[in-house]
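J.: query18.txt is reproduced in full below (compact mmCIF, C-alpha atoms (C1' of nucleotides)).
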# COMPACT_ATOMS: atom_id res chain seq x y z
CA MET A 6 50.00 -180.33 120.20
CA SER A 7 52.83 -181.71 118.07
CA MET A 8 54.08 -185.23 117.53
CA LEU A 9 56.87 -184.36 119.91
CA ASP A 10 54.53 -183.42 122.70
CA ASN A 11 56.00 -184.77 125.85
CA ARG A 12 54.07 -183.05 128.60
CA PRO A 13 53.47 -185.23 131.59
CA PHE A 14 49.73 -184.66 131.97
CA THR A 15 48.33 -185.17 128.53
CA PRO A 16 45.34 -187.57 128.57
CA ILE A 17 47.37 -190.23 126.80
CA VAL A 18 50.10 -190.09 129.42
CA GLN A 19 47.49 -190.37 132.12
CA LYS A 20 45.90 -193.31 130.39
CA LEU A 21 49.22 -195.13 130.18
CA ARG A 22 50.14 -194.38 133.76
CA ALA A 23 46.75 -195.51 134.93
CA ALA A 24 47.42 -198.79 133.16
CA GLY A 25 50.75 -199.14 134.89
CA LEU A 26 52.69 -198.61 131.69
CA ARG A 27 55.54 -196.18 131.38
CA PRO A 28 54.73 -193.47 128.88
CA THR A 29 57.55 -194.13 126.47
CA ARG A 30 57.85 -192.44 123.11
CA GLN A 31 56.69 -195.51 121.23
CA ARG A 32 53.75 -196.25 123.46
CA MET A 33 52.57 -192.68 123.34
CA SER A 34 52.77 -192.52 119.57
CA LEU A 35 50.91 -195.78 119.18
CA ALA A 36 48.33 -194.76 121.74
CA LYS A 37 47.67 -191.59 119.79
CA LEU A 38 47.23 -193.49 116.56
CA LEU A 39 44.91 -195.91 118.27
CA PHE A 40 42.79 -193.74 120.51
CA GLU A 41 42.60 -190.29 119.03
CA PRO A 42 40.65 -191.07 115.86
CA GLY A 43 37.77 -192.76 117.73
CA ASP A 44 36.67 -196.39 117.50
CA ARG A 45 38.73 -198.56 115.24
CA HIS A 46 39.85 -202.09 114.45
CA VAL A 47 43.49 -202.53 113.54
CA THR A 48 45.93 -205.31 112.95
CA ALA A 49 49.51 -205.10 114.16
CA GLU A 50 50.77 -204.82 110.63
CA GLN A 51 48.39 -201.95 109.83
CA LEU A 52 49.37 -200.02 112.91
CA HIS A 53 53.01 -200.53 112.12
CA GLN A 54 52.50 -199.11 108.67
CA GLU A 55 50.53 -196.17 109.96
CA ALA A 56 53.32 -195.38 112.34
CA ALA A 57 55.82 -195.54 109.51
CA ALA A 58 53.61 -193.27 107.40
CA GLY A 59 53.56 -190.81 110.29
CA ARG A 60 57.33 -190.74 110.60
CA ILE A 61 57.25 -192.66 113.87
CA ARG A 62 60.00 -195.19 114.18
CA VAL A 63 58.72 -198.25 116.01
CA SER A 64 59.67 -201.84 115.41
CA LEU A 65 57.04 -204.41 114.61
CA ALA A 66 57.96 -206.29 117.77
CA THR A 67 57.13 -203.21 119.80
CA VAL A 68 53.82 -202.84 118.03
CA TYR A 69 52.96 -206.40 119.02
CA ASN A 70 54.18 -205.90 122.58
CA THR A 71 52.23 -202.71 122.92
CA LEU A 72 49.02 -204.10 121.51
CA HIS A 73 49.20 -207.01 123.93
CA GLN A 74 50.02 -204.81 126.89
CA PHE A 75 47.15 -202.48 126.04
CA THR A 76 44.87 -205.47 125.73
CA ALA A 77 46.00 -206.87 129.07
CA ALA A 78 45.42 -203.46 130.60
CA GLY A 79 41.90 -203.32 129.23
CA LEU A 80 42.55 -200.47 126.82
CA LEU A 81 41.96 -202.73 123.82
CA ARG A 82 40.04 -205.86 123.01
CA GLU A 83 41.42 -208.54 120.76
CA VAL A 84 39.03 -210.00 118.24
CA VAL A 85 39.80 -213.15 116.30
CA VAL A 86 37.59 -213.95 113.36
CA GLN A 87 39.94 -215.19 110.69
CA PRO A 88 42.67 -217.76 110.94
CA GLY A 89 46.03 -216.04 111.09
CA ARG A 90 44.85 -212.51 111.80
CA SER A 91 44.07 -210.63 114.99
CA TYR A 92 42.20 -207.39 115.17
CA PHE A 93 42.50 -205.01 118.07
CA ASP A 94 39.42 -203.01 118.88
CA THR A 95 39.72 -199.66 120.60
CA ASN A 96 36.13 -199.89 121.74
CA THR A 97 36.23 -201.84 124.97
CA SER A 98 32.63 -201.33 125.89
CA ASP A 99 30.15 -204.17 125.77
CA HIS A 100 29.38 -204.72 122.12
CA HIS A 101 29.56 -207.22 119.29
CA HIS A 102 30.75 -207.38 115.69
CA PHE A 103 29.81 -207.80 112.12
CA PHE A 104 32.44 -209.59 110.14
CA ILE A 105 32.23 -208.68 106.49
CA GLU A 106 33.48 -211.75 104.70
CA ALA A 107 33.90 -209.99 101.38
CA ASN A 108 36.77 -207.79 102.55
CA GLY A 109 37.72 -209.21 105.93
CA HIS A 110 36.64 -206.07 107.81
CA LEU A 111 35.07 -205.79 111.21
CA GLN A 112 32.32 -203.41 112.18
CA ASP A 113 30.89 -202.71 115.59
CA ILE A 114 27.33 -203.67 116.33
CA PRO A 115 25.85 -201.19 118.76
CA GLY A 116 25.59 -202.79 122.18
CA ASP A 117 21.84 -202.80 122.35
CA SER A 118 20.97 -204.13 118.93
CA VAL A 119 21.92 -207.67 119.90
CA ALA A 120 20.24 -209.21 122.87
CA LEU A 121 20.95 -212.55 124.42
CA ALA A 122 17.82 -213.88 125.95
CA LYS A 123 19.33 -216.91 127.57
CA LEU A 124 22.82 -217.96 128.56
CA PRO A 125 24.02 -221.46 129.35
CA GLU A 126 25.59 -222.64 132.58
CA PRO A 127 29.35 -222.65 132.17
CA PRO A 128 31.10 -226.02 132.55
CA GLU A 129 31.92 -227.21 136.08
CA GLY A 130 34.67 -225.13 137.68
CA THR A 131 34.53 -222.25 135.22
CA ARG A 132 32.88 -218.89 135.03
CA ILE A 133 31.87 -216.83 132.02
CA ALA A 134 34.61 -214.34 131.18
CA ARG A 135 33.01 -212.83 128.11
CA VAL A 136 30.31 -213.50 125.57
CA GLU A 137 31.16 -212.66 122.00
CA VAL A 138 28.69 -212.52 119.18
CA ILE A 139 30.01 -212.44 115.65
CA VAL A 140 27.57 -211.86 112.86
CA ARG A 141 29.17 -212.97 109.64
CA VAL A 142 27.75 -211.19 106.64
CA ALA A 143 28.20 -211.88 102.95
CA LYS A 144 27.43 -209.90 99.84
CA GLY A 145 23.84 -210.06 98.77
CA MET B 21 34.71 -253.65 109.52
CA SER B 22 38.46 -253.28 109.15
CA MET B 23 40.61 -250.28 108.32
CA LEU B 24 40.92 -251.70 104.84
CA ASP B 25 37.20 -251.73 104.27
CA ASN B 26 36.63 -250.63 100.76
CA ARG B 27 33.04 -251.51 100.07
CA PRO B 28 31.26 -249.03 97.87
CA PHE B 29 28.16 -248.53 100.01
CA THR B 30 29.45 -247.88 103.47
CA PRO B 31 27.87 -244.74 105.00
CA ILE B 32 31.16 -242.87 104.75
CA VAL B 33 31.43 -243.59 101.05
CA GLN B 34 27.88 -242.39 100.57
CA LYS B 35 28.57 -239.26 102.53
CA LEU B 36 31.57 -238.45 100.36
CA ARG B 37 29.76 -239.17 97.13
CA ALA B 38 26.83 -237.08 98.24
CA ALA B 39 29.28 -234.23 98.76
CA GLY B 40 30.68 -234.71 95.28
CA LEU B 41 34.03 -235.96 96.57
CA ARG B 42 35.66 -239.13 95.34
CA PRO B 43 36.00 -241.64 98.12
CA THR B 44 39.76 -241.94 98.09
CA ARG B 45 41.68 -243.87 100.73
CA GLN B 46 42.83 -240.73 102.48
CA ARG B 47 39.44 -239.05 102.51
CA MET B 48 37.76 -242.18 103.79
CA SER B 49 40.28 -242.64 106.56
CA LEU B 50 40.01 -239.03 107.64
CA ALA B 51 36.24 -239.13 107.44
CA LYS B 52 36.21 -242.13 109.74
CA LEU B 53 38.43 -240.42 112.25
CA LEU B 54 36.25 -237.35 112.10
CA PHE B 55 32.73 -238.69 111.97
CA GLU B 56 32.67 -242.08 113.63
CA PRO B 57 33.48 -241.02 117.20
CA GLY B 58 30.60 -238.51 117.38
CA ASP B 59 30.86 -234.74 117.81
CA ARG B 60 34.37 -233.38 117.98
CA HIS B 61 36.58 -230.35 117.48
CA VAL B 62 39.92 -230.97 115.81
CA THR B 63 42.77 -229.00 114.39
CA ALA B 64 44.53 -230.08 111.21
CA GLU B 65 47.65 -230.94 113.16
CA GLN B 66 45.71 -233.10 115.60
CA LEU B 67 43.97 -235.00 112.87
CA HIS B 68 47.24 -235.54 111.11
CA GLN B 69 48.73 -237.03 114.26
CA GLU B 70 45.73 -239.22 114.87
CA ALA B 71 46.04 -240.55 111.38
CA ALA B 72 49.71 -241.29 111.93
CA ALA B 73 48.88 -243.01 115.22
CA GLY B 74 46.38 -245.16 113.34
CA ARG B 75 48.92 -246.19 110.72
CA ILE B 76 47.23 -244.11 108.07
CA ARG B 77 49.68 -242.40 105.79
CA VAL B 78 48.32 -238.98 104.83
CA SER B 79 50.29 -235.85 104.24
CA LEU B 80 49.54 -232.72 106.20
CA ALA B 81 48.68 -230.93 102.95
CA THR B 82 46.00 -233.52 102.29
CA VAL B 83 44.64 -233.11 105.78
CA TYR B 84 44.27 -229.39 105.14
CA ASN B 85 42.75 -229.95 101.71
CA THR B 86 40.33 -232.48 103.06
CA LEU B 87 39.24 -230.37 106.01
CA HIS B 88 38.56 -227.45 103.70
CA GLN B 89 36.72 -229.58 101.17
CA PHE B 90 34.58 -231.07 103.92
CA THR B 91 33.88 -227.61 105.23
CA ALA B 92 32.92 -226.33 101.79
CA ALA B 93 30.65 -229.35 101.40
CA GLY B 94 28.94 -228.61 104.69
CA LEU B 95 30.23 -231.70 106.47
CA LEU B 96 32.29 -229.61 108.89
CA ARG B 97 32.22 -226.13 110.36
CA GLU B 98 35.33 -224.09 110.91
CA VAL B 99 35.60 -222.24 114.21
CA VAL B 100 38.24 -219.60 114.89
CA VAL B 101 38.70 -218.53 118.48
CA GLN B 102 42.43 -218.22 118.96
CA PRO B 103 44.96 -216.49 116.80
CA GLY B 104 46.86 -219.02 114.75
CA ARG B 105 44.56 -221.97 115.23
CA SER B 106 41.49 -223.26 113.44
CA TYR B 107 39.17 -225.86 114.85
CA PHE B 108 36.93 -227.98 112.68
CA ASP B 109 33.67 -229.01 114.25
CA THR B 110 31.93 -232.18 113.14
CA ASN B 111 28.66 -230.90 114.49
CA THR B 112 27.17 -228.80 111.72
CA SER B 113 23.84 -228.22 113.36
CA ASP B 114 22.88 -224.83 114.68
CA HIS B 115 24.77 -224.40 117.91
CA HIS B 116 27.35 -222.30 119.71
CA HIS B 117 30.54 -222.80 121.72
CA PHE B 118 32.23 -222.49 125.02
CA PHE B 119 35.87 -221.64 124.69
CA ILE B 120 37.78 -222.82 127.73
CA GLU B 121 40.64 -220.37 128.00
CA ALA B 122 42.59 -222.49 130.45
CA ASN B 123 43.35 -225.23 127.95
CA GLY B 124 42.25 -223.78 124.62
CA HIS B 125 39.47 -226.34 124.16
CA LEU B 126 36.10 -225.88 122.58
CA GLN B 127 32.88 -227.36 123.82
CA ASP B 128 29.48 -227.33 122.19
CA ILE B 129 26.68 -225.40 123.77
CA PRO B 130 23.40 -227.15 123.10
CA GLY B 131 21.46 -225.22 120.48
CA ASP B 132 18.62 -224.23 122.72
CA SER B 133 20.51 -223.01 125.76
CA VAL B 134 21.54 -219.80 124.03
CA ALA B 135 18.86 -217.59 122.61
CA LEU B 136 19.28 -214.43 120.66
CA ALA B 137 16.39 -212.16 121.33
CA LYS B 138 17.32 -209.50 118.86
CA LEU B 139 19.50 -209.31 115.79
CA PRO B 140 20.82 -206.19 114.09
CA GLU B 141 20.24 -205.15 110.52
CA PRO B 142 23.24 -206.19 108.45
CA PRO B 143 25.16 -203.37 106.73
CA GLU B 144 23.87 -202.10 103.39
CA GLY B 145 24.26 -204.65 100.62
CA THR B 146 24.96 -207.63 102.83
CA ARG B 147 23.00 -210.46 104.35
CA ILE B 148 23.63 -212.45 107.50
CA ALA B 149 25.49 -215.63 106.66
CA ARG B 150 25.85 -216.96 110.17
CA VAL B 151 25.66 -215.86 113.77
CA GLU B 152 28.29 -217.23 116.07
CA VAL B 153 28.21 -216.98 119.82
CA ILE B 154 31.38 -217.75 121.72
CA VAL B 155 31.19 -217.92 125.47
CA ARG B 156 34.69 -217.59 126.84
CA VAL B 157 35.08 -219.22 130.21
CA ALA B 158 37.94 -219.02 132.68
CA LYS B 159 38.83 -221.04 135.75
CA GLY B 160 36.96 -220.07 138.86
C1' DT C 10 41.01 -256.46 82.11
C1' DC C 11 43.86 -252.45 80.08
C1' DG C 12 44.76 -247.94 79.05
C1' DC C 13 43.47 -243.20 79.15
C1' DT C 14 42.29 -239.06 81.42
C1' DC C 15 41.22 -236.36 85.10
C1' DT C 16 41.58 -235.97 90.01
C1' DT C 17 44.08 -236.51 94.11
C1' DT C 18 48.04 -236.88 96.86
C1' DT C 19 52.61 -235.79 98.09
C1' DA C 20 57.16 -233.79 99.72
C1' DG C 21 59.06 -230.00 100.33
C1' DA C 22 59.55 -225.13 99.45
C1' DC C 23 57.28 -221.02 100.59
C1' DT C 24 54.46 -217.33 102.91
C1' DT C 25 52.52 -214.84 106.59
C1' DA C 26 51.64 -213.71 111.22
C1' DT C 27 53.70 -213.74 115.32
C1' DT C 28 57.19 -214.61 119.07
C1' DC C 29 61.76 -214.91 120.87
C1' DT C 30 66.48 -213.46 121.96
C1' DA C 31 70.22 -210.96 123.26
C1' DA C 32 72.02 -206.53 122.94
C1' DT C 33 71.14 -201.73 123.43
C1' DC C 34 68.63 -197.81 125.02
C1' DT C 35 65.57 -194.96 128.09
C1' DG C 36 62.52 -193.50 132.14
C1' DT C 37 62.41 -193.04 136.72
C1' DT C 38 64.05 -192.76 141.21
C1' DG C 39 67.28 -191.54 144.66
C1' DC D 19 73.00 -187.28 137.08
C1' DA D 20 73.98 -192.30 138.14
C1' DA D 21 72.12 -196.61 138.38
C1' DC D 22 68.92 -199.96 137.39
C1' DA D 23 64.75 -201.92 135.96
C1' DG D 24 61.96 -201.84 132.22
C1' DA D 25 61.45 -200.99 127.16
C1' DT D 26 62.94 -201.28 122.45
C1' DT D 27 65.26 -203.28 118.66
C1' DA D 28 66.93 -206.13 114.60
C1' DG D 29 66.94 -210.17 113.18
C1' DA D 30 66.46 -215.05 113.91
C1' DA D 31 63.11 -218.39 114.96
C1' DT D 32 58.57 -220.58 115.04
C1' DA D 33 54.00 -222.00 113.67
C1' DA D 34 50.13 -222.51 110.86
C1' DG D 35 48.89 -222.86 106.59
C1' DT D 36 49.44 -222.65 101.30
C1' DC D 37 51.57 -223.64 96.93
C1' DT D 38 53.92 -226.28 93.32
C1' DA D 39 55.23 -229.70 90.29
C1' DA D 40 55.58 -234.41 89.96
C1' DA D 41 53.85 -239.05 91.05
C1' DA D 42 49.95 -241.95 92.18
C1' DG D 43 45.24 -243.35 91.99
C1' DA D 44 40.22 -243.41 90.54
C1' DG D 45 36.88 -244.20 87.22
C1' DC D 46 35.63 -244.83 82.59
C1' DG D 47 35.05 -247.09 78.17
C1' DA D 48 36.59 -250.76 75.03
What would the structure in this file look like if it were written as structure tokens?
T.:
Amino acid sequence: MSMLDNRPFTPIVQKLRAAGLRPTRQRMSLAKLLFEPGDRHVTAEQLHQEAAAGRIRVSLATVYNTLHQFTAAGLLREVVVQPGRSYFDTNTSDHHHFFIEANGHLQDIPGDSVALAKLPEPPEGTRIARVEVIVRVAKG
Amino acid sequence: MSMLDNRPFTPIVQKLRAAGLRPTRQRMSLAKLLFEPGDRHVTAEQLHQEAAAGRIRVSLATVYNTLHQFTAAGLLREVVVQPGRSYFDTNTSDHHHFFIEANGHLQDIPGDSVALAKLPEPPEGTRIARVEVIVRVAKG
DNA sequence: TCGCTCTTTTAGACTTATTCTAATCTGTTG
DNA sequence: CAACAGATTAGAATAAGTCTAAAAGAGCGA
């Protein structure tokens, strides 16, 4: 399966179609970088550089567009822990994060090792969309 | 008690001194805006505008410096929930937040209406600095 | 009080992450 | 394969925040 693989029924193509996104060259390349290696947390800039390293020509604007489309389609989750930096998480299952302050990295917390015993009533006229737990850890 | 109040033993002055910060005009004015009205969540830009509205001349750089100094001193807590925007919370007690997606506002969740039943082991060589729970709510 | 020194503030330049725009290109459908 | 809607692009634009060097202010001792 080469970088030029363009067959119409590859899992990535199916994934994109299922999300209502046309399987364009750029989206397929980015999807491969994102989803083939397993769970990961990337910034737009990182993904753009990885693409460049892999001889894939994609503009930074497209990387941003794609990450947001994937997020809207539920293929990614956006995680904000630091001012001025967004991570995109390829693991969309119910789970939480460690944020390692020393190096700014994120790490998944397995879904069942955090338990919320009690949740508050959401404010009048709203419903809970998602509960995020961020465990900030420091050296020591 | 006027805006020009400069007495050396006002609670704000004490608070600043206790934090090891000189009670300068700018810091006192900002501290008043922050701490007198009770619990609040502000951005740097908002605070800067409030100051301007109150005829207090403070540069934006000073607002940023001050917010960070207050945070380092434990008088404020920084909360990041949206890319490209930091909130500073005057409530430094142990509590969590609702994030109202519709308008981008934060709202405190009383400390005891969220309970964590189980916490994970932090990664090798780190210790838990803080656990943040963000309950994202949407209209409906 | 004055003067000295160290700290703070400031305007404005700069950086970084991200979004926008308008032109060009490409997938898909008939 | 033509046509068109949707996607991509370079580069400009924006926004939040930081940095810098110079000016102003605070606190101290005499």
J.: Between B:Phe90, B:Ala39, B:Thr63, B:Thr82, single out the one closest to chain A, counting only C-alpha atoms.
T.: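 Looking only at the distances to chain A, the closest residue turns out to be B:Thr63.
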J.: Counting all atoms listed in the file, which residues of chain A come no farther than 12 Å from chain B, as a ChimeraX atom specification?
T.: /A:48,83-93,100-108,110-145
J.: Report, in Å to a single decimal, how far apart CA of Leu65 in chain A and CA of Gln51 in chain A are.
T.: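 Atom-to-atom, CA of Gln51 in chain A and CA of Leu65 in chain A are spaced 10.2 Å apart.
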J.: Residues near range 44-48 of chain D, anyone? I mean within 8 Å using only C-alpha atoms (C1' of nucleotides), not counting same-chain ones fewer than 4 positions away, as a PDB file with C-alpha atoms (C1' of nucleotides), in the coordinates of the input.
T.:
ATOM      1  CA  ARG B  42      35.660-239.130  95.340  1.00  0.00           C
ATOM      2  CA  THR B  44      39.760-241.940  98.090  1.00  0.00           C
TER       3      THR B  44
ATOM      4  C1'  DT C  16      41.580-235.970  90.010  1.00  0.00           C
TER       5       DT C  16
END
J.: I'd like to know which of B:Arg47, B:His68, B:Arg37, B:His88 is closest to DT17 in chain C, using all atoms listed in the file.
T.: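 That would be B:Arg47, the residue with the smallest distance to DT17 in chain C.
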